[in-house]
Structures are given as C-alpha cells and as structure tokens.
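Notes for the one structure printed next.
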Amino acid sequence: MRLDRVAKFDSDQEEIATLLQVLHETGQRLEELTAGEVDTATDPEGRMLLLRGTREQLEQEEVARQAAILNALPEHIALLDAEGIILSVNDGWRLLATASSLCGGPGQGLGTNYLAVCDRATGRGSKDARFAADGIRSVLNGTSPSFSFDYEWNSPDETRWFQLTVTPLSRERPKGAIVMHGDISASKRIQSDLVSLAERLSLATDVAKVGVWEWDLATGLLTWDETMYAIYGFPQIAGMSYEKWAATVYPADLPEVEAKLQRAIHQRSDERAEFRITAADGTMRYISAAERAVVDRSGSVCRVIGVNIDATERRNAEEKLHRNQAIMTHLAEHDFLTDLPNQRLLRDRIEQAIKMGERNRKKVAILSLDLNGFKHINDSLGHAMGDKLLVSISKRLVKTARASDTVSRFGGDEFIVLLPQTDYPEGASVAASRMLEAIAAIHSIDQLELQVTGSIGISVYPDDGLDVETLIKNADAAMYDAKEKGGTNFQFFHPNMNIRAIERQFLEQNLRRAMERDELSLHYQPKYDLRTRGICGVEALLRWSHPVRGPISPATFIPVAEDCGLILQIGTWVLEETCRQARAWLDAGLPKISVAVNVSGRQFQGHGFEENVMAILDEFRIAPEYLELEVTESVLMKSPELIVLMLRSLRQKGVRIALDDFGTGYSSLSYLRRFAIDTLKIDQSFVRQIDTPDGASIVKAIIHLGSQLGMQIVAEGVETEQEATMLESLHCDSAQGYYFSRPLPPGGVATLLERSVPSGATSAS
Amino acid sequence: MTNSEMFKFCLYVADDTLNSRQAVANLRALCDRYLAGRHEIELVDVFKDPDRAMDDRIFMTPTLVKLAPEPVERIVGSLSQTNLVLQVLGLEELVA
C-alpha cells in the first residue's frame, strides 16, 4: 500500500486514468506497482482488469507450497498421470535424472512417458527398469495397492542402492501415481556388512575348527554348533546339557574350568582355559577355550558364549618339540659314542668352575688323560672293538669320579676330567692314581680280555692358567710329559706340584701302613695345677716315627689323614690307646688324673662318634669326668649346629670339652656361650707376651672371661717360672709347657705320678 | 472529533479475491477495536454492481471510502497496515 499514490488518486483522476491505460497494456506490471495490494483495476471506460484469481488461484498457491516441500525432500519424486506421463518432478528427481537410468534422463522427463522410458532401457540396469515399469503399471491399473523394490545402481565411484516406491494418487480409481526413488545405500551397506560379517565368521569358525557354544543362564540351555559336536565326537541329534559337557572334562581340570566360567559371569571378564576332555570315542583331547558373559539391556548377565578349539595336536606337537629339543641339546653337548659331555660342554663347565673358584678362592684341577698305545688296539682289533673299549673306559672313569666332577671325551682316545673346588690341588693326584688304576684293570669285551694304560697330565687354576684354553693346553703338555716318562703315570704341569703330590702320596700310602706297623705312638704332656704345682692331668699327643724318614710332625700328616679319611681310624686309635693307658696307670695304683685327647672335625662328622667314645670309656672303665676332648675353634665353626648338639650330649654324660688354642681363631663371647665348653686353653702365643703390659691384659681378659663363664683355664706353652708365677697371680687354674714338663712317654708320666703321691697333690681336676 | 461521532464507511471489493477478503477482515477488526458502537460499513461488490463503482469513480478494488465524518477519504489496498489506515482516517490519537 502506497499512501502517497493513493492520495494522488483522489486529486488527480486524469493521471490515474493515464496510468491505468498504460497498465492495461502491460497488465503484469500493475501487480508490481500496487505491491500486490490490489485485486482489480478498471479503466476510465469501466473495462475491468482482473489481476487476481479467486479460489482457484489460492489452490495454485497451495500446490506451490507442496512443491516446495517436495523439493526439500532428498528422495527423487515424480508425479505420473494414468498413462505414465510425467506431470511434475521435484528437485531431487532433476538431480538424479542425470545419474540414474530409472529417472528418465536429461530434461527431467517432464511430459515423457515414464513407462516407455523404462521399457526402452538398455544395457546395465535394463532388467530392473522393465521390472519397475511392470510394477508402476500394476499400480496405475489398480491391480496393486502399491509397489516397491530395491535395485542396485553403480556409479563409477561407488555402489549405490535405491528403493523404488510407487503410490497411487487415488485408491478408488487410477488417476496416476507418485514414483519415488530413495537412496538406501547407507542402510543397504550396513545390512550387507552384517551379512558378510556373519558369513566370514561362519567361514572362519568352520575353517579354524572353532566350536561355538552358548549357555542361556535363565533356561540353562546349552547350545552347541556343529563344530562343537565334531570336537567332542557327540552326535548332534542327542543335544547337549551343562552336566553332559561337565562329565567329559577331566575331573582334575573341572574345578578350575568351572571357576573361570563363574568368574566370567560374576566379574564379566573374558576368561581363557585349557583343559582335557574324554571325547565320545574315549580318547583324551586338549581343549583350548575362551568365554565371555553377554549382558542384556537391564545390565544383568543373561548368557555366556564361548569357543572351544581342539588343541590336542598342537599340545602333542609342542611336547614332541620339547622332547626333541631336549634330545638335540643333549646330543649337542655329549659325545655320541660314550655319551660323556663333549668338548663344548666341558669348556662351559670349566668356565663355571673358574668363576666359582675365583669367588670362593678355591682351586680347580684339569686332568688330561690319553690312552697308551690305543692306536694298536684299533689297528689290530678294528674300530668296533676300539669303540667298545672306549665305552668301557668311560664307564670306569665316571665311576671313579665324584658327582661334582666332569668326565668328558675330548676326542679320539683323549679324556679330560674336571675337578672343581679343590682344597688341595695335590689331591688331584689321588684322583689321577685311581683313574689310572681303574683303566688298567682288565676289560672283558666280546670274550676278549683287553688291557690298556693311560697317561695323565694335570693343570691347576689359578696356578697354571686363568682361562679354559690355557688350562687345557697345559694339562695336555703335562700329559705328554707323563708319556715321555714312560706312561702309566701322572704329571702336574707345575714341577713344584709334582713334588708336593709325590710327598702327599707318600704320606697317604705310608700313613695307612703306619697303623698296621705300629709306627704311631702317643706321648703325654703333663698339666700342672698352678696353686699346688702338682700334676693334674695329661694331654695325649700323637707321634709318627717313619722307619726311613724318622719322626714326622702331626702338622704334616694330620691334614693328609683328614683329607683321605684316615683320621677316623687314627682318631679312634688315639682315644682307645689313651684310655687303655689311663686304665694301666690306675691299675698300677697311680692317682687319678684327667686325660685330654685332640679331636678333629672329621671325627665329629663321622658316624657314631658319641657312641664310640662312650663305648671306649666303658671298655676301659674310665669315668667320663676324666676324659677331656680338645677341639679347635676352626673345627667347631664348620658345622656348629650338629656339633653343639653332640657336645651337649657328651657333656650330659660327663665328658669334658676343652677349647684348644683359644684366641687364634674366631673367638667371640657369643660363640663361647653357644658351645658347651668346660675348659679354655690359652694359646701359647699369648703366654709368650705375658711380660708385656698388653700381653698381660689380654691373658687377664681371657682368664676373667673364662672364669665368668664358669670355665677352667689352662695356659699352654709355659716355659719360665716368671710366666708361671704371673699366670698364678692372674688366677689361671693350670698350665702346661716345657717349664713343667716336656711330653713324656707313658713310663715318664707314671714316674711323675708316683712322685706326686706322697705330696698328696693329686688332682681330679 | 468527539467520541460520539458516527463513522460511515463504504468498502468496494471484488468478490472473494485475496486482497478484498483481507480488506473486509481488516476493516472489521479495526472498527471493533477503535470505533466500537459508532461505525457503519457498506460493502459494494464491483462485480455485482459495476455501475455503482463507476458512479462512485472507483477504479480499483479493494477501496475504502470514509464518508463521514468529513473529510471524505479513500484508501486503496488490503488495509493491513493499521497505523497508516488510522492516520488517513484522522484517528491518529487512537494510536497508542
């Protein structure tokens, strides 16, 4: 509405008339000029100009609105008349027309017969087009209430799916139809993905022989797929139940499997299990299983699904592989003929022994053994016989060796023996002798009696080398040395070792004989009461007088005796001899005195030591109170627990225990308390220093300490009156040493005792 | 102009056309609101009575003519802009 113009209408009719004249000729612009506010206009002559229709015009507006709605839809929509001619299309249709053969092609198909277009379609999609035409016809002629079908239409880039829907305009009489193409590619894709996923899963479980089961918790129904039945060997017709399944599982495995199943339900966790079953045919099978709880919409577990795989073959293969691996490893490390460790394993073992030796400050011995004249046996009797002899020899070598030793075949007729953790390397000579002896004994092979000898070379870590190769090389060199010296002997790489080894062997061999030949004897070192200065006891001391070498010090032969085990026999002999002597003195009417005997650590470890002691005391009717067993600190430390028990037991029976050489070992207060000790013997090295202020303090401290613990104190190695007086003033109980008396033979002791009788200074200690 | 004055209108319409129908509705609404009880409306359909339109020199529809009170005013259009209509009718004071 333009009021300025309206106002002029009234004042200037002529102008309006002119305007209307113009407008009459260009009717369309009137609408524009009157801003759409005017319905009719009449020229001055009364000719009316209709600008706007009435109801029909409104209907057209409605159609336009509906067209707008239709254009907004993504679907491709066309309106067909009863003949199939396209009356109108929406924007979607126009877009698609350029792409799909079913939408009429260029020009959007307005006015064209859609049925004809479909019928004429050729090439790709023509079959779908004709099917669509038939469907549209059936709707147009009223035989179908509606029609719909999905079709595929591939663009060069992608596969697309459409759904064609045909809806009649009127139900009563066919007036035409709406044809709509909807793009359903997205939903189609999801659907086809699901189908292909299911197919793939089915194929996968089928090929992989994965059995799938499902257990409904509400109904208790257990459902198996075909593969499950195949694995367990049950017929599918029979059906399955939880109980039936559980009965197939090995009872030993069932609790864990069921526990995991419960855990899957209650903790909603994925569980895996491996268990054994008895299949329907009675065979055992390994099952590898996994399961998972399925949660319903309310969040509670409604069922469990799981898979089973027959893992029997895999398990068998694994076990076989494992076995093969072990065999392979053994073969790689052992000699094929003798089954002894080969070079490779030997080198490893030597390497380890060196490391251990380095850590523990122990020695390692390498023995290189070569057979003498083995070549002749091979040449004359054949390799087969030679091999049998090698096997026989290897068996004997293993027999002579300790469990910790390594006997290896180094190649040909050479063997190498490793002795790890050797205290005395010269002890290797003992092993070497035994081996040479073992080899030299007659071998009975295939009704033949064969004899062969060997030569041994010995190298010692760290003396002769710090690494494997040097040690082997030097053992070999020593072996060739032994061969040069005539064979059937052993040689150390280091010349000094040979001397020590010879000495050791001499001692061991002669010590055995010494027992038989009565070369051992006892002397007795008297002990004096420092207050009364009277004899109160004796300490038995072992003497060995060799027929050729003369006296040999106990310090020299006792370690050998301990090493080769002779100490047990010798110890028993000393104990017996001492008690026998004590009985003899008593029988001669001499005063009772205490007799002390030194005991080695090996004796405590020996079987039945306590019983042996008591038996000897009983045999010679010696009261236990008169026997004192002297032990050193170092001996006690080796197996304290065992020894504590044994010492307590002996003490309970009255036997007295003395700690020898106190102050030279691991002396400690707690240690003195732990062991049941009656007597403390102050080492002579302290007595030597008693005239110095420091020395006096030490001795004073030892005496004080021992007294506090209720022990008797004995000073060793007293050589002067001054020392004796000093000790007395420090309240030392008794003393022994050259000042009082040298060790005496039994007769000397008897004389002393006889003399002491009148003075009345006898002591029962 | 007092509140007791009667307003006489003559509205020329063309049957049931869009703007004519709106003009009738707008005029009625305006009178009910601002001139309640003191207005008279005469409707003239130019299709039915073309001579009357010619006699009254009405060349367009819809056209509203205020006959009373003086002065006579004419408005062409659908009367949808109420403020402008009141202004032309001399009823500005009624515009709040």
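Chain labels run A, B, ... following the order of the structure tokens; each chain numbers its residues from 1, and ligands are numbered from 1 in the order shown.
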Neighbours of segment 41-46 of chain B within 9 Å (only C-alpha atoms; same-chain residues fewer than 3 positions away dropped), as a PDB file with N, CA and C atoms, in the first residue's frame?
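Writing the result to part.pdb gives the following:
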ATOM      1  N   PHE B   7     -18.954   6.872  12.349  1.00  0.00           N
ATOM      2  CA  PHE B   7     -18.096   6.693  11.181  1.00  0.00           C
ATOM      3  C   PHE B   7     -18.862   5.903  10.140  1.00  0.00           C
ATOM      4  N   LYS B   8     -18.916   6.471   8.929  1.00  0.00           N
ATOM      5  CA  LYS B   8     -19.582   5.749   7.846  1.00  0.00           C
ATOM      6  C   LYS B   8     -18.559   5.355   6.807  1.00  0.00           C
ATOM      7  N   PHE B   9     -18.492   4.056   6.501  1.00  0.00           N
ATOM      8  CA  PHE B   9     -17.538   3.553   5.508  1.00  0.00           C
ATOM      9  C   PHE B   9     -18.264   2.874   4.369  1.00  0.00           C
ATOM     10  N   CYS B  10     -17.628   2.951   3.206  1.00  0.00           N
ATOM     11  CA  CYS B  10     -18.088   2.135   2.095  1.00  0.00           C
ATOM     12  C   CYS B  10     -16.863   1.416   1.551  1.00  0.00           C
ATOM     13  N   LEU B  11     -16.928   0.077   1.552  1.00  0.00           N
ATOM     14  CA  LEU B  11     -15.769  -0.718   1.100  1.00  0.00           C
ATOM     15  C   LEU B  11     -16.129  -1.393  -0.217  1.00  0.00           C
ATOM     16  N   TYR B  12     -15.317  -1.074  -1.241  1.00  0.00           N
ATOM     17  CA  TYR B  12     -15.554  -1.650  -2.559  1.00  0.00           C
ATOM     18  C   TYR B  12     -14.633  -2.842  -2.721  1.00  0.00           C
ATOM     19  N   VAL B  13     -15.243  -4.036  -2.933  1.00  0.00           N
ATOM     20  CA  VAL B  13     -14.450  -5.262  -3.065  1.00  0.00           C
ATOM     21  C   VAL B  13     -14.733  -5.938  -4.391  1.00  0.00           C
ATOM     22  N   ALA B  14     -13.907  -6.908  -4.750  1.00  0.00           N
ATOM     23  CA  ALA B  14     -14.126  -7.682  -5.981  1.00  0.00           C
ATOM     24  C   ALA B  14     -14.294  -9.153  -5.581  1.00  0.00           C
ATOM     25  N   ASP B  15     -15.543  -9.473  -5.332  1.00  0.00           N
ATOM     26  CA  ASP B  15     -15.896 -10.841  -4.959  1.00  0.00           C
ATOM     27  C   ASP B  15     -15.035 -11.342  -3.793  1.00  0.00           C
ATOM     28  N   VAL B  24     -11.814  -6.599   4.015  1.00  0.00           N
ATOM     29  CA  VAL B  24     -13.047  -6.719   4.806  1.00  0.00           C
ATOM     30  C   VAL B  24     -12.695  -7.102   6.248  1.00  0.00           C
ATOM     31  N   LEU B  27     -10.835  -4.235   8.105  1.00  0.00           N
ATOM     32  CA  LEU B  27     -11.712  -3.109   8.448  1.00  0.00           C
ATOM     33  C   LEU B  27     -12.577  -3.458   9.638  1.00  0.00           C
ATOM     34  N   ARG B  28     -13.089  -4.682   9.614  1.00  0.00           N
ATOM     35  CA  ARG B  28     -13.962  -5.108  10.714  1.00  0.00           C
ATOM     36  C   ARG B  28     -13.176  -5.136  12.025  1.00  0.00           C
ATOM     37  N   ASP B  49     -22.102  -5.078  -8.863  1.00  0.00           N
ATOM     38  CA  ASP B  49     -22.692  -3.747  -9.063  1.00  0.00           C
ATOM     39  C   ASP B  49     -21.668  -2.799  -9.696  1.00  0.00           C
ATOM     40  N   PRO B  50     -21.314  -3.120 -10.962  1.00  0.00           N
ATOM     41  CA  PRO B  50     -20.271  -2.324 -11.604  1.00  0.00           C
ATOM     42  C   PRO B  50     -20.672  -0.855 -11.821  1.00  0.00           C
ATOM     43  N   ASP B  51     -21.928  -0.622 -12.003  1.00  0.00           N
ATOM     44  CA  ASP B  51     -22.355   0.740 -12.263  1.00  0.00           C
ATOM     45  C   ASP B  51     -22.126   1.620 -11.038  1.00  0.00           C
ATOM     46  N   ARG B  52     -22.414   1.065  -9.891  1.00  0.00           N
ATOM     47  CA  ARG B  52     -22.219   1.825  -8.643  1.00  0.00           C
ATOM     48  C   ARG B  52     -20.751   2.234  -8.511  1.00  0.00           C
ATOM     49  N   ALA B  53     -19.848   1.309  -8.869  1.00  0.00           N
ATOM     50  CA  ALA B  53     -18.420   1.597  -8.790  1.00  0.00           C
ATOM     51  C   ALA B  53     -18.053   2.729  -9.745  1.00  0.00           C
ATOM     52  N   MET B  54     -18.623   2.619 -10.961  1.00  0.00           N
ATOM     53  CA  MET B  54     -18.329   3.662 -11.937  1.00  0.00           C
ATOM     54  C   MET B  54     -18.863   5.000 -11.457  1.00  0.00           C
ATOM     55  N   ILE B  58     -14.835   4.524  -8.610  1.00  0.00           N
ATOM     56  CA  ILE B  58     -13.905   3.566  -8.004  1.00  0.00           C
ATOM     57  C   ILE B  58     -13.242   2.777  -9.138  1.00  0.00           C
ATOM     58  N   THR B  61     -10.040  -2.200  -6.706  1.00  0.00           N
ATOM     59  CA  THR B  61     -10.515  -2.875  -5.501  1.00  0.00           C
ATOM     60  C   THR B  61      -9.321  -3.554  -4.848  1.00  0.00           C
TER      61      THR B  61
END
### 6 Å contact set for segment 440-442 of chain A, only C-alpha atoms, chain neighbours under 5 positions out, as a list in words
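With the cut-off at 6 Å, the set is Leu450, Gln451, Val452 and Thr453 of chain A.
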Restricted to C-alpha atoms, what would the selected residues look like written as a short mmCIF file (atom, residue, chain, number, x, y, z; two decimals), in the first residue's frame?
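File produced: result.cif:
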data_model
loop_
_atom_site.label_atom_id
_atom_site.label_comp_id
_atom_site.auth_asym_id
_atom_site.auth_seq_id
_atom_site.Cartn_x
_atom_site.Cartn_y
_atom_site.Cartn_z
CA LEU A 450 91.92 -106.32 26.89
CA GLN A 451 94.30 -104.22 28.88
CA VAL A 452 95.21 -100.63 28.27
CA THR A 453 97.02 -97.99 30.26
#
### Message
as a PyMOL selection string, could you give me every residue of chain B near chain A (at most 7 Å apart, counting only C-alpha atoms)?
### Response
chain B and resi 14+16-20+54+59-62+75-78
Could you write those residues out with C-alpha atoms, as a PDB file, in the first residue's frame?
ATOM      1  CA  ALA B  14     -14.126  -7.682  -5.981  1.00  0.00           C
ATOM      2  CA  ASP B  16     -13.749 -13.161  -2.852  1.00  0.00           C
ATOM      3  CA  THR B  17     -10.354 -12.148  -4.140  1.00  0.00           C
ATOM      4  CA  LEU B  18      -7.366 -12.237  -1.853  1.00  0.00           C
ATOM      5  CA  ASN B  19      -6.922  -8.541  -1.054  1.00  0.00           C
ATOM      6  CA  SER B  20     -10.650  -7.817  -0.923  1.00  0.00           C
ATOM      7  CA  MET B  54     -18.329   3.662 -11.937  1.00  0.00           C
ATOM      8  CA  PHE B  59     -11.216   2.237 -10.328  1.00  0.00           C
ATOM      9  CA  MET B  60      -9.518  -0.297  -8.074  1.00  0.00           C
ATOM     10  CA  THR B  61     -10.515  -2.875  -5.501  1.00  0.00           C
ATOM     11  CA  PRO B  62     -10.343  -3.045  -2.672  1.00  0.00           C
ATOM     12  CA  ILE B  75      -7.724   4.132   0.775  1.00  0.00           C
ATOM     13  CA  VAL B  76      -6.756   1.500  -1.775  1.00  0.00           C
ATOM     14  CA  GLY B  77      -5.390  -1.870  -0.595  1.00  0.00           C
ATOM     15  CA  SER B  78      -5.905  -4.657   1.897  1.00  0.00           C
TER      16      SER B  78
END
### Task
With a distance cut-off of 8 Å and only C-alpha atoms, select the neighbouring residues of segment 380-397 of chain A, excluding the residue or stretch itself and same-chain residues fewer than 5 positions from it, and output the selection as a PyMOL selection string.
chain A and resi 337-338+340+374+407+409+413+435+438-439+443+445
The selected residues should be written to file as a compact mmCIF listing (two decimals), in the first residue's frame (atoms: N, CA and C atoms).
# COMPACT_ATOMS: atom_id res chain seq x y z
N LEU A 337 79.47 -91.53 21.05
CA LEU A 337 79.86 -92.91 21.41
C LEU A 337 79.69 -93.20 22.90
N THR A 338 80.26 -92.35 23.74
CA THR A 338 80.31 -92.66 25.18
C THR A 338 79.22 -91.95 25.98
N LEU A 340 79.42 -89.17 27.09
CA LEU A 340 80.04 -88.27 28.06
C LEU A 340 79.90 -86.83 27.54
N PHE A 374 96.70 -96.94 22.18
CA PHE A 374 95.32 -97.25 21.77
C PHE A 374 95.25 -97.52 20.27
N VAL A 407 83.56 -85.76 33.69
CA VAL A 407 84.42 -86.62 32.86
C VAL A 407 83.96 -86.41 31.43
N ARG A 409 84.78 -86.79 27.04
CA ARG A 409 85.63 -87.34 25.99
C ARG A 409 86.00 -86.18 25.11
N ASP A 413 91.11 -90.88 21.68
CA ASP A 413 91.26 -91.62 22.92
C ASP A 413 91.69 -90.70 24.06
N MET A 435 92.18 -93.21 38.70
CA MET A 435 91.76 -93.36 37.31
C MET A 435 92.70 -94.28 36.55
N ALA A 438 91.93 -97.71 37.56
CA ALA A 438 90.66 -98.20 37.04
C ALA A 438 90.78 -98.59 35.57
N ILE A 439 91.51 -97.77 34.81
CA ILE A 439 91.66 -98.04 33.37
C ILE A 439 92.47 -99.32 33.15
N HIS A 443 89.66 -105.32 30.77
CA HIS A 443 88.33 -105.09 30.18
C HIS A 443 87.92 -106.34 29.45
N ILE A 445 85.71 -107.72 26.75
CA ILE A 445 84.83 -107.26 25.66
C ILE A 445 84.73 -108.35 24.61
### Message
So that I can check the secondary structure, give me every residue of segment 515-646 of chain A assigned strand (DSSP E) by backbone DSSP, as a VMD selection string.
### Response
chain A and resid 520 to 529 535 to 546 550 to 552 594 to 598 627 to 632
Residue subset to file, keeping N, CA and C atoms, as a compact mmCIF listing (two decimals), in the first residue's frame:
# COMPACT_ATOMS: atom_id res chain seq x y z
N LEU A 520 102.78 -95.48 64.88
CA LEU A 520 102.17 -94.37 65.61
C LEU A 520 102.29 -94.64 67.11
N SER A 521 102.50 -93.58 67.84
CA SER A 521 102.56 -93.74 69.30
C SER A 521 102.03 -92.48 69.95
N LEU A 522 101.79 -92.56 71.27
CA LEU A 522 101.29 -91.39 71.99
C LEU A 522 102.30 -90.95 73.05
N HIS A 523 102.49 -89.64 73.13
CA HIS A 523 103.24 -89.06 74.24
C HIS A 523 102.26 -88.21 75.02
N TYR A 524 102.59 -87.97 76.30
CA TYR A 524 101.64 -87.26 77.15
C TYR A 524 102.26 -86.00 77.72
N GLN A 525 101.62 -84.89 77.49
CA GLN A 525 102.11 -83.61 78.02
C GLN A 525 101.42 -83.38 79.36
N PRO A 526 102.19 -83.37 80.45
CA PRO A 526 101.56 -83.18 81.76
C PRO A 526 101.02 -81.77 81.92
N LYS A 527 99.97 -81.68 82.74
CA LYS A 527 99.33 -80.40 83.06
C LYS A 527 99.48 -80.21 84.56
N TYR A 528 99.83 -79.00 84.97
CA TYR A 528 100.06 -78.76 86.40
C TYR A 528 99.09 -77.76 86.98
N ASP A 529 98.70 -78.07 88.24
CA ASP A 529 97.85 -77.11 88.97
C ASP A 529 98.75 -75.97 89.40
N ILE A 535 100.94 -82.28 89.40
CA ILE A 535 100.38 -82.73 88.13
C ILE A 535 98.89 -83.00 88.30
N CYS A 536 98.12 -82.53 87.35
CA CYS A 536 96.67 -82.70 87.48
C CYS A 536 96.06 -83.34 86.25
N GLY A 537 96.88 -83.50 85.21
CA GLY A 537 96.33 -84.14 84.01
C GLY A 537 97.37 -84.26 82.93
N VAL A 538 96.99 -84.94 81.83
CA VAL A 538 97.91 -85.05 80.70
C VAL A 538 97.13 -84.82 79.40
N GLU A 539 97.86 -84.34 78.37
CA GLU A 539 97.26 -84.22 77.05
C GLU A 539 97.97 -85.22 76.15
N ALA A 540 97.18 -86.09 75.52
CA ALA A 540 97.79 -87.10 74.65
C ALA A 540 98.21 -86.45 73.34
N LEU A 541 99.44 -86.70 72.90
CA LEU A 541 99.95 -86.14 71.65
C LEU A 541 100.41 -87.26 70.75
N LEU A 542 100.00 -87.20 69.47
CA LEU A 542 100.29 -88.25 68.51
C LEU A 542 101.70 -88.09 67.95
N ARG A 543 102.38 -89.23 67.83
CA ARG A 543 103.73 -89.22 67.25
C ARG A 543 103.76 -90.26 66.15
N TRP A 544 104.45 -89.89 65.05
CA TRP A 544 104.64 -90.88 63.97
C TRP A 544 106.11 -90.96 63.69
N SER A 545 106.61 -92.12 63.81
CA SER A 545 108.03 -92.33 63.53
C SER A 545 108.15 -93.24 62.32
N HIS A 546 108.56 -92.65 61.19
CA HIS A 546 108.67 -93.43 59.95
C HIS A 546 109.99 -94.18 59.97
N GLY A 550 112.09 -91.13 59.70
CA GLY A 550 112.14 -90.72 61.10
C GLY A 550 110.85 -90.06 61.52
N PRO A 551 110.91 -89.21 62.59
CA PRO A 551 109.68 -88.60 63.08
C PRO A 551 109.07 -87.65 62.05
N ILE A 552 107.74 -87.75 61.91
CA ILE A 552 107.02 -86.83 61.01
C ILE A 552 106.02 -86.06 61.87
N SER A 594 93.19 -86.40 84.86
CA SER A 594 92.38 -86.19 83.66
C SER A 594 93.24 -86.41 82.43
N VAL A 595 92.64 -87.05 81.41
CA VAL A 595 93.37 -87.25 80.16
C VAL A 595 92.67 -86.48 79.04
N ALA A 596 93.46 -85.69 78.30
CA ALA A 596 92.89 -84.89 77.20
C ALA A 596 93.29 -85.48 75.86
N VAL A 597 92.33 -85.52 74.93
CA VAL A 597 92.59 -86.07 73.60
C VAL A 597 92.14 -85.04 72.56
N ASN A 598 92.98 -84.82 71.56
CA ASN A 598 92.59 -83.89 70.49
C ASN A 598 91.65 -84.58 69.51
N LEU A 627 87.85 -87.79 81.11
CA LEU A 627 88.22 -87.63 79.69
C LEU A 627 87.88 -86.20 79.25
N GLU A 628 88.84 -85.57 78.65
CA GLU A 628 88.62 -84.23 78.11
C GLU A 628 88.87 -84.29 76.60
N LEU A 629 87.89 -83.83 75.83
CA LEU A 629 88.07 -83.80 74.38
C LEU A 629 88.46 -82.38 73.98
N GLU A 630 89.60 -82.26 73.33
CA GLU A 630 90.07 -80.94 72.93
C GLU A 630 89.73 -80.69 71.47
N VAL A 631 89.05 -79.56 71.24
CA VAL A 631 88.70 -79.20 69.85
C VAL A 631 89.19 -77.79 69.58
N THR A 632 89.47 -77.50 68.31
CA THR A 632 89.90 -76.15 67.96
C THR A 632 88.69 -75.33 67.49
Contacts of Asp464 of chain A at 8 Å or less, counting only C-alpha atoms, minus same-chain residues fewer than 4 places along, as a PDB file with C-alpha atoms, in the first residue's frame?
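File out20.pdb, as written:
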ATOM      1  CA  SER A 459      96.920 -78.346  35.358  1.00  0.00           C
ATOM      2  CA  VAL A 460      95.573 -76.257  38.226  1.00  0.00           C
ATOM      3  CA  THR A 470      95.482 -72.299  28.787  1.00  0.00           C
ATOM      4  CA  LEU A 471      94.446 -74.821  31.405  1.00  0.00           C
ATOM      5  CA  ASN A 474      98.952 -77.039  29.990  1.00  0.00           C
ATOM      6  CA  PHE A 493     102.159 -79.017  34.799  1.00  0.00           C
ATOM      7  CA  HIS A 494     103.914 -77.142  37.594  1.00  0.00           C
TER       8      HIS A 494
END
### Message
One number please: atom CA of Thr159 of chain A to atom CA of Ser146 of chain A, in Å, one decimal.
### Response
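Straight-line distance from atom CA of Thr159 of chain A to atom CA of Ser146 of chain A works out to 26.5 Å.
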### Message
Just want the 8 Å neighbourhood of segment 299-314 of chain A, counted on only C-alpha atoms, with same-chain residues fewer than 4 positions away dropped. Output as a VMD selection string.
### Response
chain A and resid 209 to 218 228 231 264 to 265 268 285 to 295 318
Residue selection dump (C-alpha atoms) as a compact mmCIF listing (two decimals), in the first residue's frame:
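Result saved to out.txt:
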# COMPACT_ATOMS: atom_id res chain seq x y z
CA LYS A 209 37.51 -75.69 13.55
CA VAL A 210 36.38 -73.34 16.27
CA GLY A 211 33.39 -74.66 18.12
CA VAL A 212 30.94 -72.07 19.38
CA TRP A 213 28.60 -72.59 22.32
CA GLU A 214 26.04 -70.53 24.07
CA TRP A 215 24.68 -71.07 27.56
CA ASP A 216 21.43 -69.43 28.49
CA LEU A 217 21.51 -68.73 32.19
CA ALA A 218 17.73 -68.31 32.55
CA MET A 228 31.48 -78.33 18.96
CA ILE A 231 35.30 -81.82 18.54
CA ALA A 264 33.17 -64.78 33.52
CA ILE A 265 29.59 -64.48 34.80
CA ARG A 268 32.04 -60.11 33.38
CA ARG A 285 41.80 -84.31 23.92
CA TYR A 286 43.15 -80.95 24.93
CA ILE A 287 40.61 -78.16 24.63
CA SER A 288 41.59 -74.55 24.44
CA ALA A 289 38.62 -72.42 25.45
CA ALA A 290 37.56 -68.81 25.84
CA GLU A 291 34.30 -67.42 27.15
CA ARG A 292 32.52 -64.16 27.70
CA ALA A 293 29.33 -63.15 29.50
CA VAL A 294 26.63 -61.40 27.49
CA VAL A 295 24.75 -58.62 29.23
CA GLU A 318 54.64 -78.87 21.43
### Message
With DSSP run on the backbone, what are the helix (DSSP H, G or I) residues within chain B? I'd like them as a PyMOL selection string.
### Response
chain B and resi 18-34+50-55+82-88+92-94
